[in-house]
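Here's input-v6.txt, which has compact mmCIF, C-alpha atoms:
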# COMPACT_ATOMS: atom_id res chain seq x y z
CA MET A 1 21.05 -8.48 -14.00
CA THR A 2 18.85 -5.41 -14.42
CA LEU A 3 15.93 -5.57 -16.82
CA SER A 4 15.01 -2.18 -18.30
CA LEU A 5 11.44 -1.88 -19.44
CA SER A 6 10.12 1.12 -21.32
CA SER A 7 6.95 2.95 -20.31
CA ASP A 8 5.20 5.82 -22.02
CA ALA A 9 7.37 8.25 -20.04
CA THR A 10 10.73 6.90 -18.92
CA ALA A 11 12.34 3.49 -18.63
CA VAL A 12 11.64 1.63 -15.40
CA ALA A 13 14.64 -0.40 -14.30
CA LEU A 14 13.61 -3.52 -12.39
CA THR A 15 16.32 -5.44 -10.59
CA PRO A 16 15.46 -8.90 -9.23
CA ARG A 17 16.04 -9.58 -5.56
CA GLY A 18 16.27 -13.34 -5.61
CA PRO A 19 15.60 -16.45 -7.71
CA LEU A 20 11.82 -16.04 -7.85
CA SER A 21 11.73 -12.37 -8.85
CA ALA A 22 14.52 -12.99 -11.38
CA GLU A 23 12.56 -15.74 -13.11
CA LEU A 24 9.28 -13.83 -12.81
CA LEU A 25 10.74 -10.79 -14.54
CA GLU A 26 11.94 -12.98 -17.42
CA VAL A 27 8.51 -14.57 -17.77
CA LEU A 28 6.52 -11.33 -17.52
CA ALA A 29 8.78 -9.66 -20.08
CA ASP A 30 7.93 -12.54 -22.46
CA ARG A 31 11.61 -13.49 -22.64
CA ALA A 32 10.95 -16.99 -21.35
CA PRO A 33 7.18 -17.57 -21.18
CA GLU A 34 7.65 -21.33 -21.29
CA ARG A 35 9.29 -21.17 -17.86
CA ALA A 36 6.11 -19.91 -16.15
CA GLU A 37 5.26 -23.46 -15.07
CA HIS A 38 8.33 -23.49 -12.81
CA LEU A 39 7.30 -20.38 -10.87
CA PRO A 40 5.04 -22.09 -8.28
CA GLN A 41 7.90 -24.29 -7.08
CA LEU A 42 10.23 -21.31 -6.94
CA ALA A 43 7.58 -19.57 -4.83
CA ARG A 44 7.39 -22.54 -2.45
CA ASP A 45 11.16 -22.32 -2.05
CA ALA A 46 11.09 -18.53 -1.66
CA VAL A 47 8.66 -18.54 1.28
CA LEU A 48 10.93 -20.84 3.30
CA VAL A 49 12.48 -17.81 4.95
CA GLU A 50 12.40 -16.54 8.49
CA ASP A 51 10.07 -13.64 7.71
CA PRO A 52 8.14 -13.40 4.41
CA ILE A 53 6.96 -9.91 5.41
CA THR A 54 10.43 -8.41 5.11
CA ASP A 55 11.93 -10.72 2.49
CA ASP A 56 12.89 -8.80 -0.65
CA ASP A 57 12.35 -11.66 -3.09
CA VAL A 58 8.91 -12.56 -1.69
CA GLN A 59 7.59 -9.00 -1.48
CA LEU A 60 8.92 -7.79 -4.84
CA SER A 61 7.53 -10.90 -6.54
CA LEU A 62 4.10 -10.45 -4.96
CA PHE A 63 4.12 -6.76 -5.94
CA LEU A 64 4.96 -7.67 -9.55
CA LEU A 65 2.18 -10.26 -9.68
CA TYR A 66 -0.34 -7.74 -8.36
CA SER A 67 0.86 -5.21 -10.94
CA VAL A 68 -0.41 -7.56 -13.64
CA ALA A 69 -3.93 -7.35 -12.17
CA TYR A 70 -3.75 -3.57 -11.73
CA GLY A 71 -2.13 -2.91 -15.10
CA SER A 72 0.12 -0.50 -13.22
CA LEU A 73 3.22 -1.65 -15.10
CA PRO A 74 1.84 -1.83 -18.64
CA GLN A 75 5.03 -3.44 -19.90
CA PHE A 76 3.62 -6.66 -18.48
CA GLY A 77 1.01 -7.89 -20.93
CA ALA A 78 -2.61 -8.41 -19.97
CA HIS A 79 -2.36 -11.99 -21.25
CA TRP A 80 -0.60 -12.90 -17.98
CA GLU A 81 -3.49 -11.82 -15.74
CA TRP A 82 -5.26 -15.19 -15.64
CA ASP A 83 -2.30 -17.45 -16.32
CA VAL A 84 -2.71 -20.51 -14.09
CA SER A 85 0.97 -20.74 -13.18
CA LEU A 86 1.11 -17.09 -12.14
CA LEU A 87 -2.10 -17.36 -10.13
CA THR A 88 -0.74 -20.44 -8.38
CA THR A 89 2.49 -18.60 -7.65
CA ARG A 90 0.55 -15.67 -6.23
CA ALA A 91 -1.51 -17.99 -4.04
CA VAL A 92 1.63 -19.57 -2.56
CA LEU A 93 3.08 -16.16 -1.71
CA GLU A 94 -0.23 -14.86 -0.34
CA ARG A 95 -0.65 -17.86 1.94
CA ALA A 96 2.78 -17.36 3.48
CA PHE A 97 2.30 -13.58 3.75
CA GLU A 98 -1.15 -13.84 5.34
CA ASP A 99 -0.01 -16.51 7.80
CA ALA A 100 2.96 -14.37 8.85
CA VAL A 101 0.79 -11.28 9.33
CA ARG A 102 -1.86 -13.17 11.31
CA ALA A 103 0.87 -14.58 13.56
CA ALA A 104 2.40 -11.13 14.17
CA VAL A 105 -0.66 -8.91 14.59
CA PRO A 106 -2.36 -8.68 18.00
CA LEU A 107 -6.15 -8.47 17.81
CA PRO A 108 -8.44 -6.51 20.15
CA GLU A 109 -11.32 -8.09 22.00
CA PRO A 110 -14.27 -8.12 19.56
CA PRO A 111 -17.11 -5.72 20.38
CA GLU A 112 -20.79 -6.31 19.78
CA PRO A 113 -21.48 -6.32 16.01
CA THR A 114 -23.23 -2.94 15.98
CA ARG A 115 -22.30 0.24 14.13
CA GLU A 116 -21.48 2.23 17.24
CA ALA A 117 -19.67 -0.55 19.09
CA VAL A 118 -17.51 -1.42 16.08
CA ALA A 119 -16.74 2.24 15.43
CA ALA A 120 -15.73 2.75 19.07
CA ALA A 121 -13.46 -0.30 18.92
CA LEU A 122 -11.80 0.93 15.73
CA PHE A 123 -11.26 4.45 17.09
CA ALA A 124 -9.67 2.94 20.22
CA LEU A 125 -7.45 0.72 18.08
CA ALA A 126 -6.35 3.62 15.87
CA ALA A 127 -5.85 6.18 18.65
CA PRO A 128 -2.56 8.13 18.36
CA GLN A 129 0.27 6.65 20.41
CA PRO A 130 2.79 8.66 22.44
CA GLY A 131 6.42 8.71 21.44
CA PRO A 132 8.34 9.40 18.22
CA SER A 133 6.49 9.33 14.93
CA LEU A 134 7.48 9.71 11.31
CA SER A 135 5.07 12.59 10.69
CA ARG A 136 6.35 14.53 13.69
CA PHE A 137 9.92 14.00 12.49
CA VAL A 138 8.97 15.41 9.09
CA SER A 139 7.19 18.35 10.71
CA ARG A 140 10.11 19.36 12.95
CA ARG A 141 13.40 17.79 11.91
CA ALA A 142 13.48 16.36 8.38
CA ASP A 143 15.72 17.97 5.79
CA VAL A 144 14.87 18.53 2.14
CA GLU A 145 16.36 15.27 0.94
CA GLN A 146 14.53 13.28 3.61
CA ALA A 147 11.24 14.91 2.60
CA ARG A 148 11.87 13.96 -1.02
CA GLU A 149 12.82 10.47 0.10
CA LEU A 150 9.48 10.14 1.90
CA LEU A 151 7.67 10.94 -1.34
CA MET A 152 9.71 8.27 -3.11
CA GLN A 153 8.76 5.68 -0.49
CA ARG A 154 5.09 6.64 -0.58
CA SER A 155 4.92 6.64 -4.39
CA ILE A 156 4.61 2.84 -4.49
CA TYR A 157 1.09 3.13 -3.11
CA THR A 158 0.05 6.74 -3.53
CA LEU A 159 0.48 7.04 -7.29
CA ARG A 160 -2.24 4.36 -7.35
CA GLU A 161 -4.11 5.71 -4.32
CA ALA A 162 -7.57 4.23 -3.71
CA ASP A 163 -7.25 1.61 -6.46
CA ALA A 164 -6.66 -1.28 -4.04
CA HIS A 165 -9.70 -0.58 -1.88
CA SER A 166 -11.88 -0.05 -4.96
CA TRP A 167 -11.62 -3.78 -5.72
CA ALA A 168 -13.99 -4.23 -2.75
CA ILE A 169 -16.87 -2.30 -4.32
CA PRO A 170 -18.44 -5.23 -6.24
CA ARG A 171 -17.90 -7.52 -3.21
CA LEU A 172 -20.11 -5.44 -0.91
CA THR A 173 -23.83 -4.72 -0.87
CA GLY A 174 -26.22 -2.31 0.80
CA ARG A 175 -25.05 0.25 3.36
CA ALA A 176 -21.40 -0.78 3.35
CA LYS A 177 -21.20 -0.52 -0.43
CA ALA A 178 -22.78 2.95 -0.42
CA ALA A 179 -20.32 4.13 2.26
CA LEU A 180 -17.32 2.78 0.37
CA ILE A 181 -18.43 4.50 -2.84
CA GLU A 182 -18.87 7.78 -0.95
CA ILE A 183 -15.28 7.58 0.29
CA GLN A 184 -13.87 6.49 -3.05
CA ALA A 185 -15.68 9.23 -4.95
CA ASP A 186 -13.67 11.77 -2.95
CA GLU A 187 -10.46 9.80 -3.48
CA TYR A 188 -11.01 10.07 -7.23
CA GLY A 189 -11.66 13.80 -7.10
CA GLY A 190 -15.44 13.76 -7.36
CA GLY A 191 -15.17 13.60 -11.14
CA ARG A 192 -12.41 16.24 -11.43
CA VAL A 193 -9.24 14.59 -12.64
CA GLU A 194 -6.97 17.29 -11.21
CA ARG A 195 -8.42 16.58 -7.74
CA MET A 196 -7.83 12.84 -7.88
CA HIS A 197 -5.55 12.09 -4.96
CA GLN A 198 -3.15 10.05 -7.05
CA VAL A 199 -2.92 12.94 -9.53
CA MET A 200 -2.31 15.40 -6.70
CA PHE A 201 0.48 13.18 -5.40
CA ALA A 202 2.06 13.07 -8.86
CA ASP A 203 1.93 16.88 -8.83
CA ALA A 204 3.69 16.85 -5.46
CA MET A 205 6.44 14.59 -6.77
CA ARG A 206 7.07 16.79 -9.78
CA GLY A 207 7.05 19.86 -7.55
CA ALA A 208 9.71 18.24 -5.40
CA GLY A 209 11.86 17.48 -8.43
CA LEU A 210 11.09 13.77 -8.51
CA ASP A 211 10.01 11.36 -11.25
CA ASP A 212 6.24 10.77 -11.13
CA THR A 213 6.36 7.70 -13.40
CA TYR A 214 4.63 4.85 -11.62
CA GLY A 215 7.24 2.35 -10.51
CA GLY A 216 10.13 4.75 -11.02
CA TYR A 217 11.43 4.03 -7.52
CA ILE A 218 10.75 0.29 -7.32
CA ASP A 219 14.45 -0.50 -7.09
CA ALA A 220 14.99 2.01 -4.29
CA VAL A 221 12.40 0.93 -1.73
CA PRO A 222 12.74 -1.91 0.81
CA ALA A 223 10.56 -4.98 1.17
CA ILE A 224 8.47 -3.47 3.98
CA THR A 225 7.31 -0.70 1.63
CA PHE A 226 6.04 -3.32 -0.80
CA ALA A 227 4.49 -5.25 2.10
CA SER A 228 2.36 -2.24 3.06
CA PHE A 229 0.85 -2.05 -0.45
CA ASN A 230 0.77 -5.81 -0.94
CA LEU A 231 -1.27 -6.20 2.25
CA MET A 232 -4.15 -4.07 0.99
CA SER A 233 -3.93 -5.67 -2.47
CA MET A 234 -4.13 -9.15 -0.95
CA PHE A 235 -7.15 -8.22 1.14
CA ALA A 236 -8.87 -6.53 -1.80
CA LEU A 237 -8.22 -9.17 -4.46
CA ASN A 238 -9.46 -12.11 -2.37
CA ARG A 239 -13.21 -12.23 -1.88
CA ARG A 240 -12.88 -14.28 1.31
CA LEU A 241 -11.03 -11.31 2.86
CA GLN A 242 -13.69 -8.67 2.18
CA GLY A 243 -14.02 -8.02 5.90
CA ALA A 244 -10.27 -7.46 6.16
CA VAL A 245 -10.17 -4.92 3.31
CA VAL A 246 -12.98 -2.95 4.95
CA GLY A 247 -11.14 -2.96 8.28
CA HIS A 248 -7.94 -1.96 6.50
CA LEU A 249 -9.59 1.03 4.82
CA ALA A 250 -11.20 2.12 8.06
CA ALA A 251 -7.88 2.13 9.92
CA PHE A 252 -6.15 3.76 6.95
CA GLU A 253 -8.61 6.66 6.89
CA MET A 254 -8.66 7.02 10.68
CA THR A 255 -4.90 7.51 10.91
CA SER A 256 -4.38 9.91 8.02
CA SER A 257 -5.66 13.37 8.97
CA LEU A 258 -3.28 14.37 11.81
CA PRO A 259 -0.13 12.92 10.19
CA SER A 260 -1.04 14.68 6.94
CA ARG A 261 -1.24 18.00 8.78
CA ALA A 262 2.21 17.43 10.30
CA ILE A 263 3.76 16.47 6.97
CA ALA A 264 2.26 19.52 5.24
CA GLU A 265 3.74 21.71 7.98
CA GLY A 266 7.13 20.08 7.50
CA LEU A 267 7.06 20.52 3.74
CA ARG A 268 6.31 24.23 4.09
CA ARG A 269 8.98 24.60 6.78
CA LEU A 270 11.47 23.25 4.24
CA GLY A 271 10.40 25.75 1.60
CA PHE A 272 8.25 23.52 -0.61
CA GLY A 273 5.30 25.27 -2.23
CA ASP A 274 1.61 24.55 -2.35
CA ASP A 275 2.12 22.27 -5.36
CA VAL A 276 3.90 19.83 -3.01
CA ALA A 277 1.92 20.38 0.19
CA ALA A 278 -1.56 20.44 -1.42
CA TYR A 279 -1.84 16.65 -1.45
CA TYR A 280 -1.38 16.52 2.32
CA ASP A 281 -3.59 19.59 2.88
CA GLU A 282 -6.38 17.74 1.07
CA HIS A 283 -6.10 14.79 3.45
CA VAL A 284 -6.34 16.90 6.58
CA GLU A 285 -9.98 17.75 5.83
CA ALA A 286 -11.02 14.83 3.63
CA ASP A 287 -9.89 12.09 5.97
CA ALA A 288 -11.38 13.78 9.03
CA VAL A 289 -14.72 13.19 7.28
CA HIS A 290 -13.79 9.83 5.81
CA GLU A 291 -12.82 8.36 9.18
CA GLN A 292 -16.38 8.78 10.47
CA ILE A 293 -17.89 7.25 7.34
CA ALA A 294 -15.36 4.40 7.34
CA ALA A 295 -15.78 3.53 11.00
CA ARG A 296 -19.57 3.68 11.27
CA ASP A 297 -21.18 3.51 7.84
CA LEU A 298 -18.67 1.15 6.25
CA ALA A 299 -17.14 -1.10 8.89
CA GLY A 300 -19.93 -0.77 11.45
CA SER A 301 -22.69 -1.39 8.94
CA LEU A 302 -20.86 -4.38 7.46
CA ALA A 303 -20.49 -5.90 10.95
CA GLU A 304 -24.20 -5.35 11.66
CA ASP A 305 -25.29 -6.85 8.36
CA SER A 306 -22.71 -9.68 8.33
CA PRO A 307 -21.60 -10.41 11.92
CA GLU A 308 -19.50 -13.34 10.71
CA LEU A 309 -17.11 -10.80 9.16
CA LEU A 310 -16.41 -8.95 12.41
CA ASP A 311 -13.20 -10.83 13.24
CA ASP A 312 -11.76 -10.13 9.79
CA ILE A 313 -12.75 -6.46 10.00
CA LEU A 314 -10.72 -6.17 13.20
CA PHE A 315 -7.87 -8.18 11.69
CA GLY A 316 -7.73 -5.92 8.63
CA ALA A 317 -7.63 -2.80 10.79
CA ALA A 318 -4.98 -4.19 13.14
CA ALA A 319 -2.89 -5.47 10.22
CA CYS A 320 -3.01 -2.05 8.53
CA LEU A 321 -1.82 -0.29 11.68
CA THR A 322 0.89 -2.87 12.36
CA VAL A 323 2.40 -3.23 8.89
CA ASP A 324 2.16 0.48 8.06
CA GLY A 325 3.70 1.12 11.47
CA TRP A 326 6.65 -1.09 10.59
CA ALA A 327 7.09 0.73 7.29
CA GLY A 328 7.11 4.09 9.07
CA GLU A 329 9.49 2.84 11.75
CA HIS A 330 11.90 1.65 9.08
CA ILE A 331 12.13 5.18 7.67
CA LEU A 332 12.25 6.88 11.05
CA HIS A 333 14.96 4.62 12.48
CA ALA A 334 17.11 5.09 9.39
CA TRP A 335 16.84 8.86 9.57
CA GLU A 336 17.53 8.95 13.29
CA ALA A 337 20.66 6.90 12.60
CA GLY A 338 21.76 9.45 9.99
CA ARG A 339 21.28 7.27 6.93
CA SER A 340 18.86 6.90 4.04
CA SER A 341 15.81 4.67 4.35
CA LEU A 342 16.16 3.59 0.74
CA ARG A 343 17.21 0.04 0.06
CA ASP A 344 20.37 0.97 -1.82
CA GLU A 345 20.77 4.20 0.17
CA ARG A 346 20.35 6.05 -3.10
CA GLN A 347 19.58 9.68 -2.55
CA PRO A 348 16.71 11.33 -4.45
CA ALA A 349 17.89 12.43 -7.87
Once more with this new file: its structure as structure tokens, please.
Amino acid sequence: MTLSLSSDATAVALTPRGPLSAELLEVLADRAPERAEHLPQLARDAVLVEDPITDDDVQLSLFLLYSVAYGSLPQFGAHWEWDVSLLTTRAVLERAFEDAVRAAVPLPEPPEPTREAVAAALFALAAPQPGPSLSRFVSRRADVEQARELLMQRSIYTLREADAHSWAIPRLTGRAKAALIEIQADEYGGGRVERMHQVMFADAMRGAGLDDTYGGYIDAVPAITFASFNLMSMFALNRRLQGAVVGHLAAFEMTSSLPSRAIAEGLRRLGFGDDVAAYYDEHVEADAVHEQIAARDLAGSLAEDSPELLDDILFGAAACLTVDGWAGEHILHAWEAGRSSLRDERQPA
């Protein structure tokens, strides 16, 4: 069954991927609100899988629950945000997801909790690795449809860029808070709406002939794409994980500039104009600055001021690199095999 929900622009078709997401969609659409109390047990059943990180039902359901907090799918009413059954369901999924990520992510040896030592450890952790990469593939080999497909995959996060990490602002104090606000001010265009990164990405999608409606490609992307966004949402929406969201942002910013340059080169090689490449051009310069702020002033200062958060800062950074790496590898391996990376192998329309 496919549930079509109308937005201000176009209908967003949401297809369940298992028993939990099927029931959740019915509840959130107010078709069967009385069945919300059954969702926690369905969640307990859903996480009994080999890998919650790549399970479609688990990851789509967690994404939908986070969308209620973000308001990113306005078809889901705000009255569900603090519903006890939905919060319990989310907690069950988060526990399984976090446990799976912690079990899979290798952590570096912790440095001394000083700004410079933490920054050095993060730069070492995020250093470019030899071998194939998604951005290099886009730069040299991708075709037009693969470039458009990349934008579809990235739309799940990037049309809401910066929103996840902004949840951390009220959780922090002092130097770390000031550093985070400095980064986020740039992400939101410094007060100029047309320079907001999520707006620039929407421009890129339209320029590439794609739908820029948020959620327009939910049905097309695989679980690992949701997992990448769900990871930062989980870190940001749980106060106990404030160290992890800081580490995540630091790694995110420190691994953006060079890949953005390569992707911009690939887009221009394929004949796309500045309206498509401008988003990536912006990140070449912006994130080269942001990585220094994130490593030293944000993560390093937080570790100095709250040494007990150092382990979670490193975990958040390592988790970002690992899960985002899996998401990129999924796309790259599909393309190298001559097939689409989309879940239903639907080509961009």
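In this model, the gap between atom CA of Gly189 of chain A and atom CA of Phe252 of chain A comes to 18.1 Å.
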Tell me which protein, DNA and RNA residues are within 12 Å of segment 71-81 of chain A, counting all atoms listed in the file, leaving out same-chain ones fewer than 3 positions away, and put them as number ranges by chain. A: 3-14, 24-31, 33, 36, 63-68, 84-88, 90, 156-157, 159-161, 163-164, 213-216, 218
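Within the 9 Å cut-off around Tyr280 of chain A, using only C-alpha atoms and omitting residues fewer than 4 positions from it on the same chain, the listed residues are Phe201, Ser257, Pro259, Ser260, Arg261, Ala262, Ile263, Ala264, Val276 and Val284 of chain A.
Taking only C-alpha atoms into account, Asp51 of chain A lies nearest to A:Phe97 out of the set A:Phe97, A:Phe226, A:Trp335, A:Tyr70.
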For the interface of segment 172-279 of chain A with segment 305-314 of chain A (cut-off 9 Å, counting only C-alpha atoms), please tabulate each contacting residue of segment 172-279 of chain A alongside its nearest pair of atoms and their separation in Å to one decimal, rows sorted by chain and increasing number, as CSV.
residue,atom,partner,partner_atom,distance
A:Gly174,CA,A:Asp305,CA,8.9
A:Arg175,CA,A:Asp305,CA,8.7
A:Ala176,CA,A:Asp305,CA,8.8
A:Leu241,CA,A:Asp312,CA,7.1
A:Gln242,CA,A:Asp312,CA,8.0
A:Gly243,CA,A:Ile313,CA,4.6
A:Ala244,CA,A:Ile313,CA,4.7
A:Val245,CA,A:Ile313,CA,7.3
A:Val246,CA,A:Ile313,CA,6.2
A:Gly247,CA,A:Ile313,CA,4.2
A:His248,CA,A:Ile313,CA,7.5
A:Ala250,CA,A:Ile313,CA,8.9
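Distance-wise, atom CA of Ala185 of chain A and atom CA of Ala124 of chain A end up 26.6 Å apart.
Counting all atoms listed in the file, Arg268 of chain A has the following residues at most 10 Å away, ignoring those fewer than 6 positions along the same chain: Ser139, Asp274, Val276 and Ala277 of chain A.
Atom to atom, atom CA of Ser21 of chain A and atom CA of Gln146 of chain A stand 28.7 Å apart.
Of the residues under consideration (A:Ala286, A:Val138, A:Leu249, A:Ala100), A:Ala286 shows the shortest atom-to-atom contact distance to Tyr188 of chain A when counting all atoms listed in the file.
Distances from A:Val221, A:Leu122, A:Ala318, A:Ala278 to Arg195 of chain A were compared using all atoms listed in the file, and the smallest one belongs to A:Ala278.
For the residues A:Glu187, A:Ala96, A:Trp167, A:Pro106, ranking by smallest atom-to-atom distance to Thr54 of chain A using only C-alpha atoms places A:Ala96 first.
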Please provide as a VMD selection string all residues within 9 Å of Leu20 of chain A, with the sequence filter that same-chain residues fewer than 4 positions apart are discarded (counting all atoms listed in the file). chain A and resid 16 24 to 25 39 42 to 43 45 to 46 57 to 58 61
Selection export as a JSON list (two decimals), keeping the file's coordinate frame, atoms kept: C-alpha atoms:
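Listing of result03.json after writing:
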[["chain", "number", "residue", "atom", "x", "y", "z"],
["A", 16, "PRO", "CA", 15.46, -8.90, -9.23],
["A", 24, "LEU", "CA", 9.28, -13.83, -12.81],
["A", 25, "LEU", "CA", 10.74, -10.79, -14.54],
["A", 39, "LEU", "CA", 7.30, -20.38, -10.87],
["A", 42, "LEU", "CA", 10.23, -21.31, -6.94],
["A", 43, "ALA", "CA", 7.58, -19.57, -4.83],
["A", 45, "ASP", "CA", 11.16, -22.32, -2.05],
["A", 46, "ALA", "CA", 11.09, -18.53, -1.66],
["A", 57, "ASP", "CA", 12.35, -11.66, -3.09],
["A", 58, "VAL", "CA", 8.91, -12.56, -1.69],
["A", 61, "SER", "CA", 7.53, -10.90, -6.54]]
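For the choices A:Leu342, A:Val144, A:Ala103, A:Ala22, the atom-to-atom distance to Phe272 of chain A is smallest for A:Val144 when using only C-alpha atoms.
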Given the choices A:Met196, A:Ile224, A:Leu258, A:Leu125, which gets closest to Arg343 of chain A if the distance is worked out from only C-alpha atoms? A:Ile224
Could you pull the residues within 10 Å of Asp186 of chain A, counting only C-alpha atoms, minus those fewer than 4 positions along the same chain, as a count of residues only? 12
At a cut-off of 9 Å from (-18.8, 3.3, 13.4) in the coordinates of the file, what residues are picked up using only C-alpha atoms, written as a list of chain:residue names? A:Thr114, A:Arg115, A:Glu116, A:Ala117, A:Val118, A:Ala119, A:Ala120, A:Ala121, A:Leu122, A:Phe123, A:Glu291, A:Gln292, A:Ile293, A:Ala294, A:Ala295, A:Arg296, A:Asp297, A:Leu298, A:Ala299, A:Gly300, A:Ser301
Determine the axis-aligned bounding box of all atoms of segment 44-50 of chain A present in the file, pad each side by 3 Å, and express its centre and edge lengths in Å to one decimal place as AutoDock Vina command-line options.
--center_x 9.9 --center_y -19.5 --center_z 3.0 --size_x 11.1 --size_y 12.0 --size_z 16.9
